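Coordinates from query06.tsv are shown below (TSV, C-alpha atoms and all ligand atoms).
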```tsv
chain	number	residue	atom	x	y	z
A	1	MET	CA	-27.55	-7.75	4.16
A	2	ASN	CA	-29.91	-5.41	2.43
A	3	CYS	CA	-28.55	-2.61	0.27
A	4	SER	CA	-30.55	-0.01	-1.63
A	5	SER	CA	-28.21	-0.53	-4.61
A	6	PHE	CA	-29.09	-4.25	-4.86
A	7	GLY	CA	-30.46	-5.11	-8.29
A	8	LYS	CA	-28.92	-2.00	-9.89
A	9	CYS	CA	-25.23	-2.30	-9.10
A	10	GLY	CA	-23.30	-4.92	-11.08
A	11	SER	CA	-20.95	-5.73	-8.21
A	12	CYS	CA	-23.24	-7.77	-5.93
A	13	VAL	CA	-24.54	-10.23	-8.52
A	14	LEU	CA	-25.77	-12.67	-5.83
A	15	TRP	CA	-28.01	-10.05	-4.20
A	16	GLN	CA	-31.07	-12.32	-4.30
A	17	VAL	CA	-29.36	-15.29	-2.63
A	18	PRO	CA	-29.37	-15.48	1.21
A	19	TYR	CA	-25.82	-15.49	2.58
A	20	GLU	CA	-25.90	-19.06	4.01
A	21	GLU	CA	-27.04	-20.30	0.64
A	22	GLN	CA	-24.23	-18.44	-1.15
A	23	LEU	CA	-21.68	-20.26	1.02
A	24	LYS	CA	-23.26	-23.64	0.25
A	25	MET	CA	-23.49	-22.84	-3.47
A	26	LYS	CA	-19.84	-21.86	-3.65
A	27	LYS	CA	-18.67	-24.88	-1.65
A	28	ASP	CA	-20.66	-27.20	-3.96
A	29	LYS	CA	-19.23	-25.46	-7.01
A	30	LEU	CA	-15.67	-25.99	-5.71
A	31	LYS	CA	-16.41	-29.63	-4.85
A	32	GLU	CA	-17.55	-30.20	-8.41
A	33	MET	CA	-14.65	-28.27	-9.99
A	34	PHE	CA	-12.04	-30.20	-8.01
A	35	SER	CA	-13.77	-33.59	-8.10
A	36	LYS	CA	-11.00	-35.14	-10.20
A	37	PHE	CA	-8.50	-34.50	-7.37
A	38	GLU	CA	-8.52	-36.32	-4.05
A	39	ILE	CA	-9.39	-33.43	-1.78
A	40	PRO	CA	-10.38	-33.53	1.89
A	41	GLU	CA	-13.62	-31.93	3.13
A	42	ILE	CA	-13.58	-28.27	2.06
A	43	GLU	CA	-13.31	-25.97	5.09
A	44	VAL	CA	-15.62	-22.99	4.66
A	45	ILE	CA	-14.18	-19.89	6.29
A	46	TYR	CA	-16.40	-16.83	6.39
A	47	ASP	CA	-17.14	-13.73	8.41
A	48	LYS	CA	-19.71	-10.93	8.27
A	49	ASP	CA	-21.58	-10.39	5.01
A	50	GLU	CA	-21.74	-6.58	5.23
A	51	HIS	CA	-19.21	-3.80	5.79
A	52	PHE	CA	-16.32	-6.15	5.00
A	53	ARG	CA	-14.29	-4.36	2.30
A	54	ALA	CA	-11.34	-2.25	3.42
A	55	ARG	CA	-10.79	-0.90	-0.08
A	56	ALA	CA	-13.16	0.05	-2.87
A	57	GLU	CA	-13.22	1.98	-6.15
A	58	PHE	CA	-16.17	3.95	-7.49
A	59	ARG	CA	-16.83	5.79	-10.72
A	60	VAL	CA	-18.47	9.21	-10.47
A	61	TRP	CA	-21.75	10.17	-12.14
A	62	HIS	CA	-22.49	13.86	-12.87
A	63	GLU	CA	-26.08	14.98	-13.47
A	64	GLY	CA	-26.88	18.71	-13.43
A	65	ASP	CA	-25.77	20.05	-10.04
A	66	LYS	CA	-25.71	16.61	-8.50
A	67	THR	CA	-22.81	14.18	-8.28
A	68	TYR	CA	-23.12	10.52	-7.30
A	69	TYR	CA	-20.91	7.50	-6.80
A	70	ALA	CA	-21.46	5.01	-9.59
A	71	MET	CA	-20.83	1.32	-10.23
A	72	ARG	CA	-20.87	-0.75	-13.38
A	73	LYS	CA	-24.37	-1.86	-14.38
A	74	ARG	CA	-25.55	-5.44	-14.05
A	75	LYS	CA	-24.60	-7.42	-17.15
A	76	GLU	CA	-28.28	-7.87	-18.04
A	77	GLU	CA	-28.67	-4.07	-18.24
A	78	GLY	CA	-25.87	-3.61	-20.79
A	79	ARG	CA	-22.57	-1.71	-20.57
A	80	GLY	CA	-21.75	1.42	-18.62
A	81	VAL	CA	-22.23	2.62	-15.05
A	82	ILE	CA	-25.20	3.51	-12.89
A	83	PRO	CA	-25.46	5.96	-9.96
A	84	ILE	CA	-25.81	4.34	-6.53
A	85	GLU	CA	-27.04	5.80	-3.23
A	86	GLU	CA	-24.98	3.54	-0.99
A	87	CYS	CA	-22.62	0.58	-0.88
A	88	LYS	CA	-23.05	-1.74	2.09
A	89	ILE	CA	-20.03	-3.94	1.42
A	90	VAL	CA	-17.45	-1.25	2.26
A	91	ASP	CA	-16.36	-1.08	5.89
A	92	LYS	CA	-18.13	1.20	8.36
A	93	ALA	CA	-15.53	4.00	8.22
A	94	ILE	CA	-15.70	4.21	4.41
A	95	TYR	CA	-19.51	3.82	4.43
A	96	GLU	CA	-19.93	6.76	6.81
A	97	LEU	CA	-17.46	8.97	4.96
A	98	MET	CA	-18.87	8.42	1.45
A	99	PRO	CA	-22.00	10.64	1.52
A	100	LYS	CA	-20.36	13.38	3.63
A	101	LEU	CA	-17.40	13.56	1.26
A	102	MET	CA	-19.61	13.66	-1.83
A	103	SER	CA	-21.69	16.46	-0.38
A	104	GLU	CA	-18.52	18.55	0.17
A	105	ILE	CA	-17.27	17.77	-3.35
A	106	GLU	CA	-20.63	18.74	-4.84
A	107	LYS	CA	-20.37	22.21	-3.30
A	108	ASN	CA	-16.95	22.96	-4.78
A	109	GLN	CA	-16.52	23.27	-8.55
A	110	ASN	CA	-12.74	22.85	-8.39
A	111	LEU	CA	-13.14	19.50	-6.62
A	112	ARG	CA	-16.13	18.42	-8.66
A	113	LEU	CA	-15.29	19.26	-12.28
A	114	LYS	CA	-14.49	16.11	-14.29
A	115	LEU	CA	-13.98	14.06	-11.15
A	116	TYR	CA	-13.95	10.59	-12.69
A	117	GLU	CA	-13.26	8.07	-9.92
A	118	VAL	CA	-12.95	7.96	-6.13
A	119	HIS	CA	-10.93	5.21	-4.42
A	120	PHE	CA	-10.96	4.39	-0.70
A	121	LEU	CA	-8.47	2.46	1.44
A	122	SER	CA	-9.05	2.09	5.18
A	123	ASN	CA	-7.39	0.52	8.21
A	124	SER	CA	-8.88	-1.05	11.32
A	125	LYS	CA	-8.61	2.25	13.23
A	126	GLY	CA	-10.94	3.96	10.75
A	127	GLU	CA	-8.21	6.00	9.05
A	128	ILE	CA	-8.76	6.38	5.34
A	129	ILE	CA	-6.91	7.33	2.17
A	130	VAL	CA	-9.16	8.84	-0.49
A	131	THR	CA	-7.85	9.07	-4.05
A	132	LEU	CA	-9.62	11.54	-6.34
A	133	ILE	CA	-9.02	10.85	-10.03
A	134	TYR	CA	-9.70	13.61	-12.56
A	135	HIS	CA	-10.11	13.72	-16.32
A	136	ARG	CA	-8.81	17.26	-16.60
A	137	LYS	CA	-5.77	19.34	-15.80
A	138	VAL	CA	-5.52	19.87	-12.07
A	139	ASP	CA	-3.35	22.74	-10.90
A	140	GLU	CA	-1.82	23.64	-7.56
A	141	SER	CA	-4.99	25.58	-6.59
A	142	ILE	CA	-6.60	22.27	-5.63
A	143	ALA	CA	-4.27	22.12	-2.61
A	144	GLU	CA	-6.31	24.80	-0.80
A	145	ASP	CA	-9.57	22.90	-1.43
A	146	ILE	CA	-8.05	19.62	-0.27
A	147	LYS	CA	-6.77	21.38	2.85
A	148	ARG	CA	-10.36	22.41	3.64
A	149	LEU	CA	-11.49	18.80	3.15
A	150	LYS	CA	-8.71	17.61	5.43
A	151	ASP	CA	-9.85	20.06	8.12
A	152	LYS	CA	-13.36	18.54	7.90
A	153	PHE	CA	-12.28	14.90	7.75
A	154	LYS	CA	-9.46	14.52	10.27
A	155	ASN	CA	-9.13	10.76	9.72
A	156	VAL	CA	-8.55	11.12	5.95
A	157	ASP	CA	-5.49	11.66	3.76
A	158	PHE	CA	-6.07	12.64	0.15
A	159	ILE	CA	-4.37	11.82	-3.11
A	160	VAL	CA	-5.24	13.65	-6.31
A	161	ARG	CA	-4.43	11.96	-9.59
A	162	LYS	CA	-4.76	13.02	-13.15
A	163	LYS	CA	-2.99	11.63	-16.19
A	164	GLY	CA	0.63	11.05	-15.23
A	165	ARG	CA	0.49	13.31	-12.14
A	166	LYS	CA	-0.09	12.60	-8.50
A	167	TYR	CA	-0.39	15.01	-5.55
A	168	ILE	CA	-0.25	13.54	-2.05
A	169	PHE	CA	-1.89	15.27	0.98
A	170	ASP	CA	-0.20	14.25	3.39
A	171	LYS	CA	0.74	10.62	2.93
A	172	ASN	CA	-0.02	7.70	0.61
A	173	TYR	CA	-0.03	4.93	3.22
A	174	LEU	CA	-1.70	3.79	6.41
A	175	ILE	CA	-0.49	1.59	9.23
A	176	GLU	CA	-2.80	-1.40	9.57
A	177	GLU	CA	-2.93	-3.48	12.75
A	178	LEU	CA	-4.13	-7.07	12.55
A	179	GLU	CA	-4.71	-9.19	15.61
A	180	ILE	CA	-3.94	-12.79	14.79
A	181	LYS	CA	-3.85	-15.60	17.36
A	182	GLY	CA	-3.54	-13.12	20.22
A	183	LYS	CA	-0.68	-11.12	18.66
A	184	THR	CA	-0.86	-7.75	16.95
A	185	TYR	CA	1.01	-7.36	13.66
A	186	LYS	CA	1.58	-3.96	12.09
A	187	TYR	CA	1.63	-3.37	8.35
A	188	LYS	CA	2.32	-0.35	6.21
A	189	ILE	CA	-0.32	-0.50	3.45
A	190	ILE	CA	0.39	1.74	0.47
A	191	GLU	CA	-2.29	3.22	-1.77
A	192	ASN	CA	-2.34	1.68	-5.26
A	193	THR	CA	-0.39	-1.44	-4.26
A	194	PHE	CA	-2.01	-4.81	-3.52
A	195	THR	CA	-3.64	-5.32	-0.12
A	196	GLN	CA	-6.18	-8.00	0.78
A	197	PRO	CA	-9.64	-6.40	0.44
A	198	ASN	CA	-11.45	-8.23	3.27
A	199	ARG	CA	-9.71	-7.51	6.60
A	200	GLU	CA	-11.48	-10.13	8.76
A	201	ILE	CA	-11.09	-12.89	6.18
A	202	ASN	CA	-7.46	-11.90	5.69
A	203	LYS	CA	-6.86	-12.46	9.42
A	204	LYS	CA	-8.52	-15.87	9.15
A	205	MET	CA	-6.45	-16.77	6.07
A	206	ILE	CA	-3.23	-15.88	7.88
A	207	SER	CA	-4.31	-17.98	10.90
A	208	TRP	CA	-5.13	-20.89	8.60
A	209	VAL	CA	-1.71	-20.72	6.97
A	210	LEU	CA	-0.04	-20.46	10.40
A	211	ASP	CA	-1.90	-23.59	11.58
A	212	ASN	CA	-1.02	-25.50	8.44
A	213	THR	CA	2.70	-24.72	8.61
A	214	SER	CA	3.32	-25.05	12.35
A	215	ASN	CA	4.98	-28.49	12.04
A	216	LEU	CA	7.01	-27.97	8.88
A	217	LYS	CA	10.78	-28.45	8.91
A	218	GLY	CA	13.17	-26.49	6.70
A	219	ASP	CA	13.07	-22.90	5.44
A	220	LEU	CA	10.32	-21.06	3.59
A	221	VAL	CA	10.28	-19.53	0.12
A	222	GLU	CA	7.37	-17.21	-0.64
A	223	LEU	CA	6.37	-15.97	-4.08
A	224	TYR	CA	3.97	-13.03	-4.64
A	225	CYS	CA	4.46	-11.79	-1.07
A	226	GLY	CA	3.01	-8.26	-1.50
A	227	ASN	CA	3.67	-6.16	1.61
A	228	GLY	CA	4.59	-9.23	3.68
A	229	ASN	CA	0.97	-9.90	4.67
A	230	PHE	CA	1.63	-13.63	5.23
A	231	THR	CA	5.42	-13.39	5.50
A	232	ILE	CA	5.59	-11.44	8.76
A	233	PRO	CA	3.51	-13.79	10.99
A	234	LEU	CA	4.68	-16.89	9.11
A	235	SER	CA	8.35	-16.10	9.69
A	236	GLU	CA	7.74	-17.22	13.29
A	237	ASN	CA	7.17	-20.80	12.04
A	238	PHE	CA	10.49	-20.98	10.11
A	239	LYS	CA	14.19	-20.43	10.71
A	240	LYS	CA	14.74	-18.49	7.48
A	241	VAL	CA	12.38	-16.99	4.93
A	242	VAL	CA	13.05	-15.57	1.48
A	243	ALA	CA	10.10	-13.74	-0.04
A	244	THR	CA	9.69	-12.06	-3.42
A	245	GLU	CA	7.27	-9.86	-5.25
A	246	ILE	CA	7.37	-7.93	-8.53
A	247	ASN	CA	6.25	-4.52	-7.21
A	248	PRO	CA	9.19	-2.61	-5.65
A	249	GLU	CA	6.83	-0.39	-3.63
A	250	SER	CA	5.28	-3.47	-2.00
A	251	ILE	CA	8.76	-4.82	-1.24
A	252	GLU	CA	9.68	-1.48	0.32
A	253	ALA	CA	6.58	-1.80	2.54
A	254	ALA	CA	7.38	-5.46	3.31
A	255	THR	CA	10.93	-4.56	4.40
A	256	TYR	CA	9.53	-1.78	6.62
A	257	ASN	CA	6.94	-4.21	8.01
A	258	ALA	CA	9.62	-6.74	8.97
A	259	GLU	CA	11.40	-3.96	10.85
A	260	ILE	CA	8.38	-2.65	12.78
A	261	ASN	CA	7.41	-6.20	13.74
A	262	ASN	CA	10.98	-6.99	14.72
A	263	ARG	CA	11.31	-9.95	12.35
A	264	LYS	CA	14.95	-10.51	11.49
A	265	ASN	CA	14.91	-13.82	9.60
A	266	ILE	CA	13.35	-12.60	6.34
A	267	SER	CA	15.04	-11.51	3.08
A	268	PHE	CA	12.78	-9.65	0.65
A	269	LEU	CA	13.59	-9.38	-3.05
A	270	ALA	CA	11.82	-7.29	-5.70
A	271	MET	CA	11.60	-9.48	-8.79
A	272	SER	CA	9.15	-11.55	-10.77
A	273	ALA	CA	8.47	-15.14	-9.71
A	274	ALA	CA	9.96	-16.36	-13.00
A	275	GLU	CA	13.17	-14.31	-12.52
A	276	PHE	CA	13.42	-15.55	-8.96
A	277	SER	CA	13.21	-19.18	-10.05
A	278	GLU	CA	16.21	-18.53	-12.33
A	279	LEU	CA	18.33	-17.76	-9.24
A	280	LYS	CA	18.57	-21.50	-8.66
A	281	LYS	CA	21.34	-21.64	-11.29
A	282	THR	CA	23.39	-19.00	-9.46
A	283	GLY	CA	23.66	-20.95	-6.20
A	284	PHE	CA	21.58	-18.30	-4.39
A	285	PHE	CA	19.58	-21.01	-2.59
A	286	ASN	CA	22.61	-22.96	-1.35
A	287	SER	CA	22.25	-21.57	2.17
A	288	TYR	CA	18.53	-22.44	2.33
A	289	ASP	CA	16.90	-25.73	3.25
A	290	LEU	CA	14.42	-25.59	0.37
A	291	LYS	CA	11.44	-27.66	1.47
A	292	ASN	CA	8.48	-25.29	1.72
A	293	VAL	CA	6.92	-22.75	-0.58
A	294	LEU	CA	3.95	-20.40	-0.13
A	295	ILE	CA	2.42	-18.86	-3.23
A	296	ASP	CA	-0.38	-16.30	-3.61
A	297	PRO	CA	-0.35	-15.38	-7.31
A	298	PRO	CA	-2.68	-12.98	-9.14
A	299	ARG	CA	-5.69	-14.35	-11.06
A	300	ALA	CA	-3.48	-15.70	-13.88
A	301	GLY	CA	-1.95	-18.27	-11.49
A	302	LEU	CA	1.56	-19.61	-12.07
A	303	ASP	CA	3.50	-19.07	-15.29
A	304	GLU	CA	5.33	-22.11	-16.65
A	305	LYS	CA	8.77	-21.31	-15.19
A	306	SER	CA	7.36	-20.56	-11.74
A	307	ARG	CA	5.19	-23.71	-11.78
A	308	LYS	CA	8.27	-25.81	-12.55
A	309	PHE	CA	10.16	-24.13	-9.70
A	310	VAL	CA	7.29	-24.55	-7.21
A	311	ASN	CA	7.00	-28.21	-8.19
A	312	GLU	CA	10.46	-28.87	-6.72
A	313	PHE	CA	9.33	-28.24	-3.13
A	314	ASP	CA	8.06	-30.94	-0.74
A	315	ASN	CA	5.37	-28.77	0.84
A	316	ILE	CA	3.31	-26.25	-1.09
A	317	ILE	CA	0.78	-23.82	0.36
A	318	TYR	CA	-1.21	-22.28	-2.48
A	319	ILE	CA	-3.51	-19.29	-1.87
A	320	SER	CA	-5.58	-18.60	-4.97
A	321	CYS	CA	-8.13	-15.98	-5.98
A	322	ASN	CA	-9.06	-17.89	-9.14
A	323	PRO	CA	-10.22	-21.54	-8.93
A	324	GLU	CA	-9.77	-21.97	-12.71
A	325	THR	CA	-6.02	-21.32	-12.65
A	326	LEU	CA	-5.69	-23.14	-9.31
A	327	LYS	CA	-7.19	-26.21	-10.96
A	328	ARG	CA	-4.81	-25.91	-13.92
A	329	ASP	CA	-1.78	-25.59	-11.62
A	330	LEU	CA	-2.90	-28.49	-9.41
A	331	GLU	CA	-2.78	-30.79	-12.47
A	332	THR	CA	1.00	-30.47	-12.16
A	333	LEU	CA	1.47	-29.86	-8.45
A	334	SER	CA	-0.79	-32.66	-7.17
A	335	LYS	CA	1.23	-35.35	-8.99
A	336	ASN	CA	3.18	-37.21	-6.27
A	337	ARG	CA	1.62	-34.98	-3.64
A	338	LYS	CA	-1.29	-35.41	-1.27
A	339	ILE	CA	-3.78	-32.56	-0.88
A	340	LYS	CA	-3.80	-32.31	2.91
A	341	ALA	CA	-6.13	-29.33	3.34
A	342	PHE	CA	-8.51	-27.36	1.15
A	343	ALA	CA	-10.20	-24.16	2.36
A	344	PHE	CA	-12.65	-21.76	0.79
A	345	PHE	CA	-12.32	-18.25	2.22
A	346	ASP	CA	-15.34	-16.11	1.45
A	347	GLN	CA	-13.49	-12.86	0.77
A	348	PHE	CA	-16.13	-11.65	-1.67
A	349	PRO	CA	-19.73	-12.20	-0.44
A	350	TYR	CA	-22.48	-11.47	-2.99
A	351	THR	CA	-20.09	-12.08	-5.90
A	352	ASN	CA	-19.12	-15.29	-7.70
A	353	HIS	CA	-15.45	-14.82	-6.79
A	354	MET	CA	-13.86	-17.52	-4.66
A	355	GLU	CA	-10.59	-17.48	-2.75
A	356	CYS	CA	-9.08	-20.86	-1.87
A	357	GLY	CA	-6.21	-22.25	0.15
A	358	VAL	CA	-4.61	-25.63	-0.60
A	359	VAL	CA	-1.89	-27.46	1.31
A	360	LEU	CA	0.07	-30.11	-0.61
A	361	GLU	CA	2.62	-32.54	0.81
A	362	ARG	CA	4.98	-34.80	-1.14
A	363	VAL	CA	4.21	-38.52	-0.71
A	401	LIG	C1	-2.90	-11.81	-4.83
A	401	LIG	S1	-1.62	-10.65	-4.50
A	401	LIG	C2	-0.96	-11.32	-3.01
A	401	LIG	C3	-0.07	-10.42	-2.21
A	401	LIG	C4	0.22	-10.87	-0.77
A	401	LIG	N1	0.49	-12.27	-0.67
A	401	LIG	C5	-0.92	-10.48	0.17
A	401	LIG	O1	-1.49	-11.39	0.80
A	401	LIG	O2	-1.21	-9.29	0.30
A	401	LIG	C6	-0.48	-11.05	-5.74
A	401	LIG	C7	0.81	-10.26	-5.72
A	401	LIG	O3	1.63	-10.74	-6.80
A	401	LIG	C8	2.36	-9.66	-7.36
A	401	LIG	N2	2.73	-10.10	-8.72
A	401	LIG	C9	2.01	-10.02	-9.87
A	401	LIG	N3	2.67	-10.60	-10.89
A	401	LIG	C10	3.83	-11.09	-10.37
A	401	LIG	C11	4.93	-11.82	-10.91
A	401	LIG	N4	4.95	-12.18	-12.19
A	401	LIG	N5	5.94	-12.15	-10.08
A	401	LIG	C12	5.92	-11.81	-8.78
A	401	LIG	N6	4.92	-11.10	-8.20
A	401	LIG	C13	3.88	-10.76	-8.98
A	401	LIG	C14	1.41	-8.49	-7.26
A	401	LIG	O4	2.12	-7.28	-7.26
A	401	LIG	C15	0.67	-8.77	-5.94
A	401	LIG	O5	1.30	-8.09	-4.87
```

Can I see the file as structure tokens?
Amino acid sequence: MNCSSFGKCGSCVLWQVPYEEQLKMKKDKLKEMFSKFEIPEIEVIYDKDEHFRARAEFRVWHEGDKTYYAMRKRKEEGRGVIPIEECKIVDKAIYELMPKLMSEIEKNQNLRLKLYEVHFLSNSKGEIIVTLIYHRKVDESIAEDIKRLKDKFKNVDFIVRKKGRKYIFDKNYLIEELEIKGKTYKYKIIENTFTQPNREINKKMISWVLDNTSNLKGDLVELYCGNGNFTIPLSENFKKVVATEINPESIEAATYNAEINNRKNISFLAMSAAEFSELKKTGFFNSYDLKNVLIDPPRAGLDEKSRKFVNEFDNIIYISCNPETLKRDLETLSKNRKIKAFAFFDQFPYTNHMECGVVLERV
């Protein structure tokens, strides 16, 4: 990939490293980090290295009559943001919309004044939600201007935010369709709730989890389930699934997603992983054959209560976006368990971030 923002923008820190080399570098780094564990050969799962992000957030840079998207500067250049002409990591639909949208915004003072950030969320059909975030009072008059934008960009819904207020034109969600192993799964993805950023890698992660759970006996517990991203396809590998997540909006989407995909064997609960683990005392799990758990926590990894709870299962599938906390949690979870599979999913080309998947089985 070659991007005119390379070397300026602080997002793609590995801009000078050819993509193949990035993959090797990251695999070697993981090998070294996890050398104290007995891990199998690391599977490297990757896809295209440009136009891969289905969501992105930009700051806005105002200079005279001109307005630009901006990103944080490279660390070496100090703090703050820098204007950029393009971003090649966002998917094609977002990439094509970005300059056209900015040119319309630039022409309209009501849309432009103190515009602070622009967020994009897209689906595989090229539909997009654009969120405009302002650092000023925005009144109802913006509705007319947004209507004009909507007439220009038929594939876009808009959300306007300013401190404590949110206006939605016309909806705050998209329906995503993912084809996985020959089947199409539908997902409601809601603006400002978690969705996997890299669509193609997400499909490969779901396939990998499906493959690694196809022979498991017993029911499935899932923590940090989001909108049911893994839950919906995975429910086909299990008799019963109970999945939880802290964000009620994501659980609302997950429940809707089970319905539109006709999955009837899943119960979704909106609560923290730690609260959920407390349910053990209440007998809630008595009707479940508790053998398997899938976890996909945020960067902080597992808190102590949740780690203890997860450690009671025979089979653990751990999806992690932070190798440091994965390593910490494996210190506990790999005792009396064999690490059967270890994958590195390159969700974030040109950055140092690494997403991993680990399958553990009690010995
Ligand atoms: C990395 S995301 C994974 C979501 C989902 N598995 C997916 O693939 O889209 C982590 C999720 O954990 C949720 N979360 C954060 N802290 C939590 C907690 N303490 N207990 C339960 N869920 C939490 C977030 O809202 C987010 O949806």

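CA of Arg53 (chain A) to CA of Gln196 (chain A) spans 9.0 Å [interatomic distance, one decimal].
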
> What is the distance, in Å and to one decimal place, between atom C13 of ligand LIG 401 (chain A) and CA of Lys280 (chain A)?
Replying inline: 18.2 Å

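Between CA of Leu360 (chain A) and CA of Glu304 (chain A) lies a distance of 18.7 Å.
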
>> as JSON, numbers by chain, please: the residues near region 17-32 of chain A (cut-off 8 Å, only C-alpha atoms, same-chain neighbours under 3 positions excluded).
In response: {"A": [14, 35, 42, 44, 49, 323, 344, 346, 349, 350, 352, 354]}

>> Neighbouring residues of region 162-169 of chain A were defined as those with any atom within 10 Å, considering all atoms listed in the file; residues of the same chain fewer than 6 positions away were excluded. Please report them as a ChimeraX atom specification.
In response: /A:115-116,129-140,142-143,146-147,150,156

>> To check your reading of the model: which residues sit at most 6 Å from ligand LIG 401 (chain A) when counting only C-alpha atoms and all ligand atoms? Write the answer as a PyMOL selection string.
In response: chain A and resi 194-196+224-227+229-230+245-247+272-273+296-298

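Proximity to region 74-79 of chain A at 12 Å, evaluated using only C-alpha atoms and with sequence-adjacent residues fewer than 6 positions away removed, yields Ser5, Phe6, Gly7, Lys8, Cys9, Gly10, Ser11, Cys12, Val13, Leu14, Trp15 and Thr351 of chain A.
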
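The shortest atom-to-atom distance to Tyr69 (chain A), with only C-alpha atoms taken into account, belongs to A:Tyr95 out of A:Tyr46, A:Tyr288, A:Tyr95, A:Phe52.
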
Return as JSON the box centre and box size in Å, one decimal, for an axis-aligned box around all listed atoms of region 144-157 of chain A padded by 3 Å per side.
```
{"center_x": -9.4, "center_y": 17.8, "center_z": 4.4, "size_x": 13.9, "size_y": 20.0, "size_z": 17.7}
```

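The closest residue to Cys87 (chain A), picked from A:Asn123, A:Asn2, A:Thr184, A:Asn262 and counting only C-alpha atoms, is A:Asn2.
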
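Proximity of A:Arg72, A:His62, A:Lys240, A:Lys327 to Phe285 (chain A), computed with all atoms listed in the file, is greatest for A:Lys240.
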
>> Measuring between all atoms listed in the file, which one of A:Lys183, A:Lys203, A:Leu330, A:Glu312 shows the shortest distance to Asn261 (chain A)?
In response: A:Lys183

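All protein, DNA and RNA residues at most 9 Å from (4.7, -36.1, -6.3) are Asn311, Asp314, Thr332, Leu333, Ser334, Lys335, Asn336, Arg337, Lys338, Glu361, Arg362 and Val363 of chain A, using only C-alpha atoms.
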
Could you write those residues out with C-alpha atoms, as a short mmCIF file (atom, residue, chain, number, x, y, z; two decimals), in the coordinates of the input?
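Now in again_22.cif:
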```cif
data_model
loop_
_atom_site.label_atom_id
_atom_site.label_comp_id
_atom_site.auth_asym_id
_atom_site.auth_seq_id
_atom_site.Cartn_x
_atom_site.Cartn_y
_atom_site.Cartn_z
CA ASN A 311 7.00 -28.21 -8.19
CA ASP A 314 8.06 -30.94 -0.74
CA THR A 332 1.00 -30.47 -12.16
CA LEU A 333 1.47 -29.86 -8.45
CA SER A 334 -0.79 -32.66 -7.17
CA LYS A 335 1.23 -35.35 -8.99
CA ASN A 336 3.18 -37.21 -6.27
CA ARG A 337 1.62 -34.98 -3.64
CA LYS A 338 -1.29 -35.41 -1.27
CA GLU A 361 2.62 -32.54 0.81
CA ARG A 362 4.98 -34.80 -1.14
CA VAL A 363 4.21 -38.52 -0.71
#
```

> Which residues come within 12 Å of Asn108 (chain A), counting all atoms listed in the file, excluding same-chain residues fewer than 3 positions away, as a list in words?
Replying inline: Asp65, Lys66, Thr67, Leu101, Met102, Ser103, Glu104, Ile105, Leu111, Arg112, Leu113, Lys114, Leu115, Ile142, Glu144, Asp145, Ile146, Arg148 and Leu149 of chain A

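Minimum distance to Glu355 (chain A) across A:Leu234, A:Ile201, A:Ala258, A:Ala341 (counting all atoms listed in the file) occurs at A:Ile201.
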
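Among A:Asp219, A:Glu41, A:Glu117, A:Glu177, the residue with the shortest atom-to-atom distance to Asn237 (chain A), counting all atoms listed in the file, is A:Asp219.
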
What lies within 7 Å of Lys186 (chain A) using all atoms listed in the file, ignoring chain neighbours under 5 positions off, as a short mmCIF file (atom, residue, chain, number, x, y, z; two decimals) with C-alpha atoms, keeping the file's coordinate frame?
```
data_model
loop_
_atom_site.label_atom_id
_atom_site.label_comp_id
_atom_site.auth_asym_id
_atom_site.auth_seq_id
_atom_site.Cartn_x
_atom_site.Cartn_y
_atom_site.Cartn_z
CA ILE A 175 -0.49 1.59 9.23
CA GLU A 176 -2.80 -1.40 9.57
CA GLU A 177 -2.93 -3.48 12.75
CA LEU A 178 -4.13 -7.07 12.55
CA ASN A 257 6.94 -4.21 8.01
CA ILE A 260 8.38 -2.65 12.78
CA ASN A 261 7.41 -6.20 13.74
#
```

> In file coordinates, which residues lie within 12 Å of (-18.9, 8.9, 1.1) using only C-alpha atoms, given as a count of residues only?
Replying inline: 37
